[in-house]
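Coordinates as given in model32.txt (compact mmCIF, N, CA and C atoms):
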```txt
# COMPACT_ATOMS: atom_id res chain seq x y z
N MET A 1 81.74 129.29 108.88
CA MET A 1 80.83 129.20 110.01
C MET A 1 81.39 128.33 111.14
N ARG A 2 82.67 128.04 111.10
CA ARG A 2 83.27 127.17 112.10
C ARG A 2 83.23 127.77 113.50
N LEU A 3 83.62 129.02 113.64
CA LEU A 3 83.72 129.63 114.97
C LEU A 3 82.39 129.71 115.71
N PRO A 4 81.28 130.08 115.08
CA PRO A 4 80.03 130.12 115.84
C PRO A 4 79.64 128.74 116.40
N TRP A 5 79.81 127.69 115.61
CA TRP A 5 79.45 126.35 116.09
C TRP A 5 80.36 125.92 117.23
N ILE A 6 81.66 126.12 117.09
CA ILE A 6 82.59 125.73 118.15
C ILE A 6 82.27 126.50 119.42
N GLY A 7 82.07 127.80 119.28
CA GLY A 7 81.72 128.61 120.44
C GLY A 7 80.44 128.16 121.10
N MET A 8 79.43 127.82 120.28
CA MET A 8 78.16 127.38 120.82
C MET A 8 78.32 126.05 121.57
N VAL A 9 79.08 125.12 121.00
CA VAL A 9 79.26 123.82 121.65
C VAL A 9 80.01 124.00 122.97
N ILE A 10 81.04 124.86 122.97
CA ILE A 10 81.78 125.11 124.22
C ILE A 10 80.85 125.75 125.25
N LEU A 11 80.04 126.70 124.84
CA LEU A 11 79.09 127.33 125.75
C LEU A 11 78.09 126.31 126.29
N LEU A 12 77.57 125.46 125.41
CA LEU A 12 76.61 124.44 125.84
C LEU A 12 77.22 123.46 126.82
N SER A 13 78.53 123.21 126.69
CA SER A 13 79.19 122.26 127.59
C SER A 13 79.23 122.78 129.01
N THR A 14 79.11 124.07 129.21
CA THR A 14 79.15 124.64 130.56
C THR A 14 77.78 124.67 131.21
N ILE A 15 76.73 124.47 130.43
CA ILE A 15 75.38 124.58 130.96
C ILE A 15 74.98 123.34 131.75
N ASP A 16 75.37 122.15 131.29
CA ASP A 16 75.04 120.88 131.95
C ASP A 16 73.53 120.75 132.19
N ASN A 17 72.77 120.94 131.13
CA ASN A 17 71.33 120.89 131.22
C ASN A 17 70.82 119.99 130.09
N TYR A 18 69.84 119.16 130.39
CA TYR A 18 69.34 118.21 129.40
C TYR A 18 68.63 118.89 128.23
N ILE A 19 68.32 120.16 128.35
CA ILE A 19 67.66 120.89 127.26
C ILE A 19 68.60 121.04 126.07
N VAL A 20 69.90 121.04 126.31
CA VAL A 20 70.87 121.26 125.23
C VAL A 20 71.15 120.00 124.41
N ILE A 21 70.64 118.86 124.85
CA ILE A 21 70.96 117.59 124.17
C ILE A 21 70.55 117.60 122.70
N PRO A 22 69.34 118.05 122.32
CA PRO A 22 69.00 118.07 120.89
C PRO A 22 69.95 118.94 120.05
N ILE A 23 70.39 120.04 120.60
CA ILE A 23 71.32 120.92 119.87
C ILE A 23 72.66 120.22 119.68
N LEU A 24 73.13 119.53 120.73
CA LEU A 24 74.40 118.82 120.62
C LEU A 24 74.30 117.63 119.67
N ILE A 25 73.16 116.96 119.66
CA ILE A 25 72.95 115.86 118.73
C ILE A 25 73.01 116.38 117.30
N GLU A 26 72.41 117.52 117.07
CA GLU A 26 72.48 118.15 115.72
C GLU A 26 73.92 118.51 115.39
N ALA A 27 74.69 118.94 116.37
CA ALA A 27 76.09 119.31 116.14
C ALA A 27 76.94 118.10 115.75
N LEU A 28 76.49 116.89 116.09
CA LEU A 28 77.22 115.68 115.67
C LEU A 28 77.22 115.52 114.15
N LYS A 29 76.32 116.19 113.47
CA LYS A 29 76.20 116.09 112.01
C LYS A 29 76.88 117.27 111.30
N ASN A 30 77.53 118.14 112.05
CA ASN A 30 78.17 119.32 111.48
C ASN A 30 79.30 118.91 110.55
N SER A 31 79.61 119.74 109.57
CA SER A 31 80.68 119.42 108.62
C SER A 31 82.07 119.57 109.24
N ASP A 32 82.19 120.28 110.34
CA ASP A 32 83.47 120.52 110.99
C ASP A 32 83.75 119.41 112.01
N LYS A 33 84.87 118.72 111.84
CA LYS A 33 85.19 117.61 112.73
C LYS A 33 85.40 118.05 114.18
N THR A 34 85.92 119.26 114.39
CA THR A 34 86.12 119.76 115.75
C THR A 34 84.79 119.95 116.45
N VAL A 35 83.81 120.47 115.73
CA VAL A 35 82.47 120.65 116.29
C VAL A 35 81.88 119.29 116.65
N ARG A 36 82.01 118.32 115.75
CA ARG A 36 81.46 116.98 116.01
C ARG A 36 82.12 116.35 117.24
N ALA A 37 83.44 116.48 117.35
CA ALA A 37 84.16 115.90 118.48
C ALA A 37 83.78 116.58 119.79
N LEU A 38 83.70 117.91 119.78
CA LEU A 38 83.30 118.64 120.99
C LEU A 38 81.87 118.29 121.41
N ALA A 39 80.99 118.15 120.44
CA ALA A 39 79.61 117.77 120.74
C ALA A 39 79.57 116.39 121.40
N ALA A 40 80.35 115.45 120.87
CA ALA A 40 80.39 114.10 121.45
C ALA A 40 80.93 114.15 122.88
N GLN A 41 82.00 114.90 123.08
CA GLN A 41 82.57 115.01 124.42
C GLN A 41 81.56 115.60 125.41
N THR A 42 80.85 116.63 124.97
CA THR A 42 79.87 117.28 125.84
C THR A 42 78.72 116.34 126.16
N LEU A 43 78.24 115.60 125.16
CA LEU A 43 77.18 114.62 125.40
C LEU A 43 77.64 113.56 126.38
N GLY A 44 78.90 113.13 126.28
CA GLY A 44 79.44 112.17 127.24
C GLY A 44 79.49 112.74 128.64
N ASN A 45 79.85 114.01 128.76
CA ASN A 45 79.90 114.65 130.08
C ASN A 45 78.52 114.80 130.70
N ILE A 46 77.52 115.11 129.87
CA ILE A 46 76.15 115.24 130.38
C ILE A 46 75.64 113.88 130.82
N GLY A 47 75.90 112.85 130.02
CA GLY A 47 75.60 111.48 130.41
C GLY A 47 74.15 111.05 130.32
N ASN A 48 73.40 111.61 129.41
CA ASN A 48 71.99 111.26 129.26
C ASN A 48 71.84 110.16 128.20
N TRP A 49 71.04 109.16 128.50
CA TRP A 49 70.84 108.02 127.60
C TRP A 49 70.24 108.44 126.26
N GLU A 50 69.51 109.56 126.22
CA GLU A 50 68.91 110.03 124.97
C GLU A 50 69.94 110.24 123.87
N ALA A 51 71.18 110.49 124.25
CA ALA A 51 72.23 110.77 123.26
C ALA A 51 72.83 109.50 122.65
N VAL A 52 72.58 108.35 123.24
CA VAL A 52 73.23 107.12 122.79
C VAL A 52 72.92 106.76 121.34
N PRO A 53 71.66 106.80 120.88
CA PRO A 53 71.42 106.47 119.46
C PRO A 53 72.18 107.39 118.50
N ALA A 54 72.22 108.68 118.79
CA ALA A 54 72.94 109.61 117.92
C ALA A 54 74.44 109.37 117.99
N LEU A 55 74.95 109.08 119.17
CA LEU A 55 76.38 108.78 119.31
C LEU A 55 76.73 107.46 118.61
N THR A 56 75.84 106.49 118.71
CA THR A 56 76.07 105.23 118.00
C THR A 56 76.10 105.47 116.50
N GLU A 57 75.20 106.29 116.01
CA GLU A 57 75.19 106.66 114.59
C GLU A 57 76.51 107.34 114.21
N ALA A 58 77.05 108.15 115.11
CA ALA A 58 78.30 108.87 114.84
C ALA A 58 79.52 107.94 114.81
N LEU A 59 79.35 106.70 115.20
CA LEU A 59 80.46 105.73 115.10
C LEU A 59 80.80 105.41 113.65
N THR A 60 80.01 105.88 112.73
CA THR A 60 80.30 105.68 111.31
C THR A 60 81.11 106.84 110.74
N ASP A 61 81.46 107.81 111.58
CA ASP A 61 82.23 108.99 111.14
C ASP A 61 83.59 108.56 110.61
N ALA A 62 84.05 109.21 109.59
CA ALA A 62 85.32 108.85 108.95
C ALA A 62 86.54 109.42 109.67
N ASP A 63 86.35 110.37 110.56
CA ASP A 63 87.48 111.03 111.21
C ASP A 63 87.84 110.34 112.53
N ASP A 64 89.14 110.02 112.70
CA ASP A 64 89.61 109.31 113.89
C ASP A 64 89.41 110.12 115.17
N TYR A 65 89.62 111.43 115.08
CA TYR A 65 89.45 112.31 116.25
C TYR A 65 87.99 112.27 116.73
N VAL A 66 87.07 112.32 115.80
CA VAL A 66 85.65 112.27 116.14
C VAL A 66 85.31 110.90 116.71
N LEU A 67 85.81 109.83 116.07
CA LEU A 67 85.53 108.47 116.56
C LEU A 67 86.02 108.28 117.99
N GLU A 68 87.20 108.80 118.27
CA GLU A 68 87.74 108.67 119.62
C GLU A 68 86.84 109.40 120.63
N SER A 69 86.39 110.59 120.28
CA SER A 69 85.50 111.36 121.17
C SER A 69 84.16 110.65 121.36
N VAL A 70 83.63 110.11 120.28
CA VAL A 70 82.35 109.40 120.36
C VAL A 70 82.49 108.14 121.21
N ALA A 71 83.58 107.39 121.00
CA ALA A 71 83.80 106.17 121.78
C ALA A 71 83.94 106.50 123.27
N GLU A 72 84.65 107.56 123.60
CA GLU A 72 84.79 107.96 125.00
C GLU A 72 83.45 108.37 125.59
N ALA A 73 82.63 109.08 124.82
CA ALA A 73 81.30 109.48 125.29
C ALA A 73 80.43 108.25 125.54
N LEU A 74 80.46 107.30 124.62
CA LEU A 74 79.66 106.09 124.79
C LEU A 74 80.17 105.24 125.94
N GLU A 75 81.46 105.29 126.19
CA GLU A 75 81.99 104.56 127.34
C GLU A 75 81.43 105.14 128.65
N GLU A 76 81.23 106.47 128.69
CA GLU A 76 80.67 107.12 129.87
C GLU A 76 79.19 106.79 130.04
N ILE A 77 78.44 106.85 128.94
CA ILE A 77 76.98 106.71 129.00
C ILE A 77 76.55 105.26 128.83
N GLY A 78 77.29 104.51 128.03
CA GLY A 78 76.82 103.23 127.52
C GLY A 78 76.55 102.17 128.55
N ASP A 79 75.70 101.25 128.15
CA ASP A 79 75.41 100.07 128.94
C ASP A 79 75.32 98.88 127.98
N LEU A 80 74.74 97.82 128.43
CA LEU A 80 74.66 96.62 127.61
C LEU A 80 73.89 96.86 126.31
N ARG A 81 72.88 97.73 126.36
CA ARG A 81 72.13 98.06 125.14
C ARG A 81 73.03 98.73 124.10
N THR A 82 73.96 99.55 124.59
CA THR A 82 74.91 100.21 123.69
C THR A 82 75.78 99.18 123.00
N LEU A 83 76.27 98.23 123.76
CA LEU A 83 77.11 97.17 123.18
C LEU A 83 76.35 96.42 122.10
N LYS A 84 75.10 96.09 122.37
CA LYS A 84 74.30 95.36 121.38
C LYS A 84 74.10 96.20 120.12
N GLN A 85 73.86 97.50 120.29
CA GLN A 85 73.70 98.36 119.12
C GLN A 85 74.97 98.39 118.28
N ILE A 86 76.12 98.46 118.94
CA ILE A 86 77.39 98.50 118.22
C ILE A 86 77.61 97.21 117.45
N ILE A 87 77.32 96.11 118.07
CA ILE A 87 77.58 94.80 117.46
C ILE A 87 76.63 94.51 116.31
N TYR A 88 75.36 94.83 116.45
CA TYR A 88 74.38 94.41 115.46
C TYR A 88 74.23 95.35 114.27
N ARG A 89 74.85 96.51 114.34
CA ARG A 89 74.77 97.43 113.19
C ARG A 89 75.85 97.07 112.18
N TRP A 90 75.45 96.77 110.97
CA TRP A 90 76.40 96.35 109.93
C TRP A 90 77.23 97.51 109.39
N ASP A 91 76.76 98.73 109.56
CA ASP A 91 77.49 99.88 109.03
C ASP A 91 78.57 100.40 109.99
N ILE A 92 78.70 99.78 111.16
CA ILE A 92 79.75 100.16 112.11
C ILE A 92 80.89 99.17 111.99
N ASP A 93 82.09 99.69 111.78
CA ASP A 93 83.28 98.84 111.62
C ASP A 93 83.81 98.47 113.00
N ILE A 94 83.43 97.30 113.48
CA ILE A 94 83.83 96.85 114.81
C ILE A 94 85.35 96.68 114.90
N TYR A 95 86.03 96.54 113.79
CA TYR A 95 87.48 96.34 113.81
C TYR A 95 88.26 97.65 113.88
N GLU A 96 87.58 98.79 113.76
CA GLU A 96 88.27 100.07 113.95
C GLU A 96 88.67 100.13 115.41
N SER A 97 89.91 100.53 115.68
CA SER A 97 90.48 100.37 117.03
C SER A 97 89.67 101.06 118.12
N ASN A 98 89.20 102.28 117.91
CA ASN A 98 88.42 102.96 118.94
C ASN A 98 87.11 102.23 119.23
N ILE A 99 86.47 101.75 118.19
CA ILE A 99 85.19 101.05 118.35
C ILE A 99 85.41 99.69 119.00
N PHE A 100 86.45 98.99 118.59
CA PHE A 100 86.71 97.69 119.19
C PHE A 100 87.02 97.83 120.68
N LEU A 101 87.84 98.83 121.04
CA LEU A 101 88.16 99.04 122.45
C LEU A 101 86.90 99.39 123.25
N LEU A 102 86.02 100.21 122.67
CA LEU A 102 84.77 100.53 123.34
C LEU A 102 83.94 99.27 123.57
N ALA A 103 83.78 98.46 122.52
CA ALA A 103 82.99 97.23 122.64
C ALA A 103 83.61 96.30 123.67
N ARG A 104 84.92 96.21 123.67
CA ARG A 104 85.62 95.34 124.63
C ARG A 104 85.40 95.82 126.06
N LYS A 105 85.53 97.13 126.28
CA LYS A 105 85.32 97.68 127.63
C LYS A 105 83.90 97.43 128.11
N LEU A 106 82.94 97.64 127.23
CA LEU A 106 81.54 97.40 127.60
C LEU A 106 81.29 95.92 127.86
N ALA A 107 81.89 95.06 127.04
CA ALA A 107 81.73 93.62 127.23
C ALA A 107 82.32 93.18 128.56
N ILE A 108 83.46 93.71 128.90
CA ILE A 108 84.09 93.36 130.18
C ILE A 108 83.25 93.87 131.34
N ARG A 109 82.74 95.09 131.20
CA ARG A 109 81.94 95.70 132.27
C ARG A 109 80.68 94.87 132.55
N TYR A 110 80.09 94.28 131.51
CA TYR A 110 78.82 93.58 131.67
C TYR A 110 78.93 92.07 131.53
N ARG A 111 80.13 91.54 131.59
CA ARG A 111 80.30 90.09 131.40
C ARG A 111 79.70 89.27 132.52
N LYS A 112 79.56 89.84 133.70
CA LYS A 112 79.04 89.09 134.84
C LYS A 112 77.51 89.12 134.92
N THR A 113 76.88 89.81 134.00
CA THR A 113 75.42 89.83 133.99
C THR A 113 74.93 88.52 133.38
N LYS A 114 73.66 88.25 133.56
CA LYS A 114 73.11 87.02 133.00
C LYS A 114 72.78 87.17 131.53
N ASN A 115 72.98 88.38 130.99
CA ASN A 115 72.71 88.61 129.57
C ASN A 115 73.83 88.05 128.72
N SER A 116 73.50 87.65 127.53
CA SER A 116 74.49 87.17 126.58
C SER A 116 75.35 88.35 126.14
N VAL A 117 76.66 88.19 126.22
CA VAL A 117 77.58 89.26 125.84
C VAL A 117 78.51 88.75 124.75
N ILE A 118 78.92 89.63 123.88
CA ILE A 118 79.81 89.31 122.77
C ILE A 118 81.18 88.90 123.33
N PRO A 119 81.88 87.98 122.69
CA PRO A 119 83.21 87.62 123.15
C PRO A 119 84.14 88.84 123.23
N VAL A 120 85.01 88.83 124.21
CA VAL A 120 85.88 89.97 124.47
C VAL A 120 87.09 89.95 123.56
N TYR A 121 87.50 88.81 123.10
CA TYR A 121 88.73 88.71 122.33
C TYR A 121 88.45 88.83 120.84
N ARG A 122 89.24 89.65 120.17
CA ARG A 122 89.04 89.99 118.76
C ARG A 122 88.98 88.75 117.87
N GLN A 123 89.90 87.81 118.04
CA GLN A 123 89.93 86.65 117.14
C GLN A 123 88.67 85.79 117.29
N ARG A 124 88.15 85.68 118.50
CA ARG A 124 86.90 84.93 118.69
C ARG A 124 85.74 85.67 118.04
N PHE A 125 85.72 86.97 118.16
CA PHE A 125 84.65 87.75 117.57
C PHE A 125 84.67 87.65 116.05
N ARG A 126 85.87 87.72 115.47
CA ARG A 126 85.97 87.58 114.00
C ARG A 126 85.41 86.25 113.54
N PHE A 127 85.73 85.18 114.30
CA PHE A 127 85.21 83.86 113.97
C PHE A 127 83.68 83.87 114.01
N LEU A 128 83.12 84.49 115.05
CA LEU A 128 81.67 84.57 115.19
C LEU A 128 81.04 85.32 114.03
N VAL A 129 81.63 86.45 113.65
CA VAL A 129 81.10 87.24 112.54
C VAL A 129 81.16 86.45 111.25
N LYS A 130 82.28 85.79 110.99
CA LYS A 130 82.40 84.98 109.77
C LYS A 130 81.36 83.87 109.76
N ARG A 131 81.12 83.27 110.90
CA ARG A 131 80.16 82.18 110.99
C ARG A 131 78.75 82.69 110.71
N VAL A 132 78.40 83.82 111.32
CA VAL A 132 77.07 84.39 111.11
C VAL A 132 76.88 84.79 109.65
N ARG A 133 77.90 85.42 109.07
CA ARG A 133 77.79 85.81 107.66
C ARG A 133 77.63 84.58 106.76
N ALA A 134 78.36 83.51 107.06
CA ALA A 134 78.24 82.29 106.26
C ALA A 134 76.82 81.73 106.34
N ILE A 135 76.24 81.77 107.52
CA ILE A 135 74.87 81.28 107.70
C ILE A 135 73.89 82.14 106.91
N ILE A 136 74.09 83.45 106.94
CA ILE A 136 73.21 84.36 106.19
C ILE A 136 73.32 84.10 104.70
N VAL A 137 74.54 83.89 104.21
CA VAL A 137 74.74 83.59 102.78
C VAL A 137 74.04 82.29 102.41
N MET A 138 74.14 81.27 103.27
CA MET A 138 73.48 80.00 103.00
C MET A 138 71.96 80.17 102.94
N ILE A 139 71.43 80.95 103.86
CA ILE A 139 69.97 81.17 103.89
C ILE A 139 69.52 81.90 102.62
N ILE A 140 70.24 82.94 102.26
CA ILE A 140 69.90 83.70 101.04
C ILE A 140 70.01 82.81 99.80
N SER A 141 71.05 82.00 99.75
CA SER A 141 71.24 81.09 98.60
C SER A 141 70.08 80.09 98.52
N SER A 142 69.69 79.56 99.66
CA SER A 142 68.60 78.58 99.64
C SER A 142 67.27 79.23 99.26
N LEU A 143 67.07 80.49 99.66
CA LEU A 143 65.84 81.19 99.28
C LEU A 143 65.82 81.50 97.79
N ARG A 144 66.97 81.81 97.23
CA ARG A 144 67.03 82.09 95.79
C ARG A 144 66.78 80.84 94.97
N GLY A 145 67.16 79.68 95.52
CA GLY A 145 66.99 78.41 94.80
C GLY A 145 65.55 77.95 94.73
N LYS A 146 64.69 78.52 95.60
CA LYS A 146 63.28 78.07 95.63
C LYS A 146 62.45 78.75 94.58
```
So that I can check it, write out the structure of this file as structure tokens.
Amino acid sequence: MRLPWIGMVILLSTIDNYIVIPILIEALKNSDKTVRALAAQTLGNIGNWEAVPALTEALTDADDYVLESVAEALEEIGDLRTLKQIIYRWDIDIYESNIFLLARKLAIRYRKTKNSVIPVYRQRFRFLVKRVRAIIVMIISSLRGK
């Protein structure tokens, strides 16, 4: 069933209409990596914020080609809310190169806002993550002791 899905995604990419967004979001879950990547690219080209949660979910995809397409789509659509979603989801590997570059680009884009933004440099971010995890472990340990 690969050809019908690929053909449909390519056809939908030419429509540029917000009605196709639910179909493309469903295509992000397809078993074929080419279909998933094309769907992500098309959602990025359309540029509707409705696609961001599904694209963020797709950042857990195991295929590098799909991850690259999803990261590029989120770079087109994303804003500070996207960056926060990427950072706070534990199931997204922030150290995967495509995801880290996306987070870094978004952090740089929004660093001049008054909102708190994640550090841009990988080593500082790793330190922050380790620190937060250590605090969570301490809290859990103290709760178990009571």
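Between Arg104 in chain A and the candidates A:Leu38, A:Leu24, A:Ile86, A:Ala58, the tightest atom-to-atom separation, counting only C-alpha atoms, involves A:Ile86.
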**Request:** Using only N, CA and C atoms, determine which residues lie at most 6 Å from range 66-78 of chain A, disregarding the query and same-chain residues fewer than 6 positions distant; provide the list as an MDAnalysis selection string.
**Result:** chainID A and resid 36:37 40:41 43:45 47 59 98 102
Go ahead and save the residues from that selection, with N, CA and C atoms, as a PDB file, keeping the file's coordinate frame.
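And here's part_39.pdb as it stands now:
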```pdb
ATOM      1  N   ARG A  36      82.010 118.320 115.750  1.00  0.00           N
ATOM      2  CA  ARG A  36      81.460 116.980 116.010  1.00  0.00           C
ATOM      3  C   ARG A  36      82.120 116.350 117.240  1.00  0.00           C
ATOM      4  N   ALA A  37      83.440 116.480 117.350  1.00  0.00           N
ATOM      5  CA  ALA A  37      84.160 115.900 118.480  1.00  0.00           C
ATOM      6  C   ALA A  37      83.780 116.580 119.790  1.00  0.00           C
ATOM      7  N   ALA A  40      80.350 115.450 120.870  1.00  0.00           N
ATOM      8  CA  ALA A  40      80.390 114.100 121.450  1.00  0.00           C
ATOM      9  C   ALA A  40      80.930 114.150 122.880  1.00  0.00           C
ATOM     10  N   GLN A  41      82.000 114.900 123.080  1.00  0.00           N
ATOM     11  CA  GLN A  41      82.570 115.010 124.420  1.00  0.00           C
ATOM     12  C   GLN A  41      81.560 115.600 125.410  1.00  0.00           C
ATOM     13  N   LEU A  43      78.240 115.600 125.160  1.00  0.00           N
ATOM     14  CA  LEU A  43      77.180 114.620 125.400  1.00  0.00           C
ATOM     15  C   LEU A  43      77.640 113.560 126.380  1.00  0.00           C
ATOM     16  N   GLY A  44      78.900 113.130 126.280  1.00  0.00           N
ATOM     17  CA  GLY A  44      79.440 112.170 127.240  1.00  0.00           C
ATOM     18  C   GLY A  44      79.490 112.740 128.640  1.00  0.00           C
ATOM     19  N   ASN A  45      79.850 114.010 128.760  1.00  0.00           N
ATOM     20  CA  ASN A  45      79.900 114.650 130.080  1.00  0.00           C
ATOM     21  C   ASN A  45      78.520 114.800 130.700  1.00  0.00           C
ATOM     22  N   GLY A  47      75.900 112.850 130.020  1.00  0.00           N
ATOM     23  CA  GLY A  47      75.600 111.480 130.410  1.00  0.00           C
ATOM     24  C   GLY A  47      74.150 111.050 130.320  1.00  0.00           C
ATOM     25  N   LEU A  59      79.350 106.700 115.200  1.00  0.00           N
ATOM     26  CA  LEU A  59      80.460 105.730 115.100  1.00  0.00           C
ATOM     27  C   LEU A  59      80.800 105.410 113.650  1.00  0.00           C
ATOM     28  N   ASN A  98      89.200 102.280 117.910  1.00  0.00           N
ATOM     29  CA  ASN A  98      88.420 102.960 118.940  1.00  0.00           C
ATOM     30  C   ASN A  98      87.110 102.230 119.230  1.00  0.00           C
ATOM     31  N   LEU A 102      86.020 100.210 122.670  1.00  0.00           N
ATOM     32  CA  LEU A 102      84.770 100.530 123.340  1.00  0.00           C
ATOM     33  C   LEU A 102      83.940  99.270 123.570  1.00  0.00           C
TER      34      LEU A 102
END
```
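The space between atom C of Asp79 in chain A and atom N of Val137 in chain A spans 28.1 Å.
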**Item:** Ala39 in chain A environment, 8 Å, only C-alpha atoms, sequence neighbours closer than 5 positions dropped, as a list in words
**Value:**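 Once the adjacent positions are removed, what remains is Val9, Leu24, Ile25, Ala27 and Leu28 of chain A.
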Enumerate as an mmCIF file with N, CA and C atoms, in the coordinates of the input all residues of range 34-82 of chain A assigned to alpha helix (DSSP H) by DSSP on the backbone, naming them with the chain letters and numbers the document uses.
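Output below, filename out-v4.cif:
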```cif
data_model
loop_
_atom_site.group_PDB
_atom_site.id
_atom_site.type_symbol
_atom_site.label_atom_id
_atom_site.label_comp_id
_atom_site.auth_asym_id
_atom_site.auth_seq_id
_atom_site.Cartn_x
_atom_site.Cartn_y
_atom_site.Cartn_z
ATOM 1 N N THR A 34 85.920 119.260 114.390
ATOM 2 C CA THR A 34 86.120 119.760 115.750
ATOM 3 C C THR A 34 84.790 119.950 116.450
ATOM 4 N N VAL A 35 83.810 120.470 115.730
ATOM 5 C CA VAL A 35 82.470 120.650 116.290
ATOM 6 C C VAL A 35 81.880 119.290 116.650
ATOM 7 N N ARG A 36 82.010 118.320 115.750
ATOM 8 C CA ARG A 36 81.460 116.980 116.010
ATOM 9 C C ARG A 36 82.120 116.350 117.240
ATOM 10 N N ALA A 37 83.440 116.480 117.350
ATOM 11 C CA ALA A 37 84.160 115.900 118.480
ATOM 12 C C ALA A 37 83.780 116.580 119.790
ATOM 13 N N LEU A 38 83.700 117.910 119.780
ATOM 14 C CA LEU A 38 83.300 118.640 120.990
ATOM 15 C C LEU A 38 81.870 118.290 121.410
ATOM 16 N N ALA A 39 80.990 118.150 120.440
ATOM 17 C CA ALA A 39 79.610 117.770 120.740
ATOM 18 C C ALA A 39 79.570 116.390 121.400
ATOM 19 N N ALA A 40 80.350 115.450 120.870
ATOM 20 C CA ALA A 40 80.390 114.100 121.450
ATOM 21 C C ALA A 40 80.930 114.150 122.880
ATOM 22 N N GLN A 41 82.000 114.900 123.080
ATOM 23 C CA GLN A 41 82.570 115.010 124.420
ATOM 24 C C GLN A 41 81.560 115.600 125.410
ATOM 25 N N THR A 42 80.850 116.630 124.970
ATOM 26 C CA THR A 42 79.870 117.280 125.840
ATOM 27 C C THR A 42 78.720 116.340 126.160
ATOM 28 N N LEU A 43 78.240 115.600 125.160
ATOM 29 C CA LEU A 43 77.180 114.620 125.400
ATOM 30 C C LEU A 43 77.640 113.560 126.380
ATOM 31 N N GLY A 44 78.900 113.130 126.280
ATOM 32 C CA GLY A 44 79.440 112.170 127.240
ATOM 33 C C GLY A 44 79.490 112.740 128.640
ATOM 34 N N ASN A 45 79.850 114.010 128.760
ATOM 35 C CA ASN A 45 79.900 114.650 130.080
ATOM 36 C C ASN A 45 78.520 114.800 130.700
ATOM 37 N N ILE A 46 77.520 115.110 129.870
ATOM 38 C CA ILE A 46 76.150 115.240 130.380
ATOM 39 C C ILE A 46 75.640 113.880 130.820
ATOM 40 N N VAL A 52 72.580 108.350 123.240
ATOM 41 C CA VAL A 52 73.230 107.120 122.790
ATOM 42 C C VAL A 52 72.920 106.760 121.340
ATOM 43 N N PRO A 53 71.660 106.800 120.880
ATOM 44 C CA PRO A 53 71.420 106.470 119.460
ATOM 45 C C PRO A 53 72.180 107.390 118.500
ATOM 46 N N ALA A 54 72.220 108.680 118.790
ATOM 47 C CA ALA A 54 72.940 109.610 117.920
ATOM 48 C C ALA A 54 74.440 109.370 117.990
ATOM 49 N N LEU A 55 74.950 109.080 119.170
ATOM 50 C CA LEU A 55 76.380 108.780 119.310
ATOM 51 C C LEU A 55 76.730 107.460 118.610
ATOM 52 N N THR A 56 75.840 106.490 118.710
ATOM 53 C CA THR A 56 76.070 105.230 118.000
ATOM 54 C C THR A 56 76.100 105.470 116.500
ATOM 55 N N GLU A 57 75.200 106.290 116.010
ATOM 56 C CA GLU A 57 75.190 106.660 114.590
ATOM 57 C C GLU A 57 76.510 107.340 114.210
ATOM 58 N N ASP A 64 89.140 110.020 112.700
ATOM 59 C CA ASP A 64 89.610 109.310 113.890
ATOM 60 C C ASP A 64 89.410 110.120 115.170
ATOM 61 N N TYR A 65 89.620 111.430 115.080
ATOM 62 C CA TYR A 65 89.450 112.310 116.250
ATOM 63 C C TYR A 65 87.990 112.270 116.730
ATOM 64 N N VAL A 66 87.070 112.320 115.800
ATOM 65 C CA VAL A 66 85.650 112.270 116.140
ATOM 66 C C VAL A 66 85.310 110.900 116.710
ATOM 67 N N LEU A 67 85.810 109.830 116.070
ATOM 68 C CA LEU A 67 85.530 108.470 116.560
ATOM 69 C C LEU A 67 86.020 108.280 117.990
ATOM 70 N N GLU A 68 87.200 108.800 118.270
ATOM 71 C CA GLU A 68 87.740 108.670 119.620
ATOM 72 C C GLU A 68 86.840 109.400 120.630
ATOM 73 N N SER A 69 86.390 110.590 120.280
ATOM 74 C CA SER A 69 85.500 111.360 121.170
ATOM 75 C C SER A 69 84.160 110.650 121.360
ATOM 76 N N VAL A 70 83.630 110.110 120.280
ATOM 77 C CA VAL A 70 82.350 109.400 120.360
ATOM 78 C C VAL A 70 82.490 108.140 121.210
ATOM 79 N N ALA A 71 83.580 107.390 121.000
ATOM 80 C CA ALA A 71 83.800 106.170 121.780
ATOM 81 C C ALA A 71 83.940 106.500 123.270
ATOM 82 N N GLU A 72 84.650 107.560 123.600
ATOM 83 C CA GLU A 72 84.790 107.960 125.000
ATOM 84 C C GLU A 72 83.450 108.370 125.590
ATOM 85 N N ALA A 73 82.630 109.080 124.820
ATOM 86 C CA ALA A 73 81.300 109.480 125.290
ATOM 87 C C ALA A 73 80.430 108.250 125.540
ATOM 88 N N LEU A 74 80.460 107.300 124.620
ATOM 89 C CA LEU A 74 79.660 106.090 124.790
ATOM 90 C C LEU A 74 80.170 105.240 125.940
ATOM 91 N N GLU A 75 81.460 105.290 126.190
ATOM 92 C CA GLU A 75 81.990 104.560 127.340
ATOM 93 C C GLU A 75 81.430 105.140 128.650
ATOM 94 N N GLU A 76 81.230 106.470 128.690
ATOM 95 C CA GLU A 76 80.670 107.120 129.870
ATOM 96 C C GLU A 76 79.190 106.790 130.040
ATOM 97 N N ILE A 77 78.440 106.850 128.940
ATOM 98 C CA ILE A 77 76.980 106.710 129.000
ATOM 99 C C ILE A 77 76.550 105.260 128.830
ATOM 100 N N LEU A 80 74.740 97.820 128.430
ATOM 101 C CA LEU A 80 74.660 96.620 127.610
ATOM 102 C C LEU A 80 73.890 96.860 126.310
ATOM 103 N N ARG A 81 72.880 97.730 126.360
ATOM 104 C CA ARG A 81 72.130 98.060 125.140
ATOM 105 C C ARG A 81 73.030 98.730 124.100
ATOM 106 N N THR A 82 73.960 99.550 124.590
ATOM 107 C CA THR A 82 74.910 100.210 123.690
ATOM 108 C C THR A 82 75.780 99.180 123.000
#
```
**Prompt:** Out of A:Ile135, A:Leu80, A:Ile23, A:Ile46, which residue has the shortest atom-to-atom distance to Arg109 in chain A when counting all atoms listed in the file?
**Reply:**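 Closest to Arg109 in chain A of all the choices is A:Leu80.
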**Item:** Using only C-alpha atoms: which of A:Leu143, A:Val129, A:Ile136, A:Ile92 has the shortest distance to Asp61 in chain A
**Value:** A:Ile92
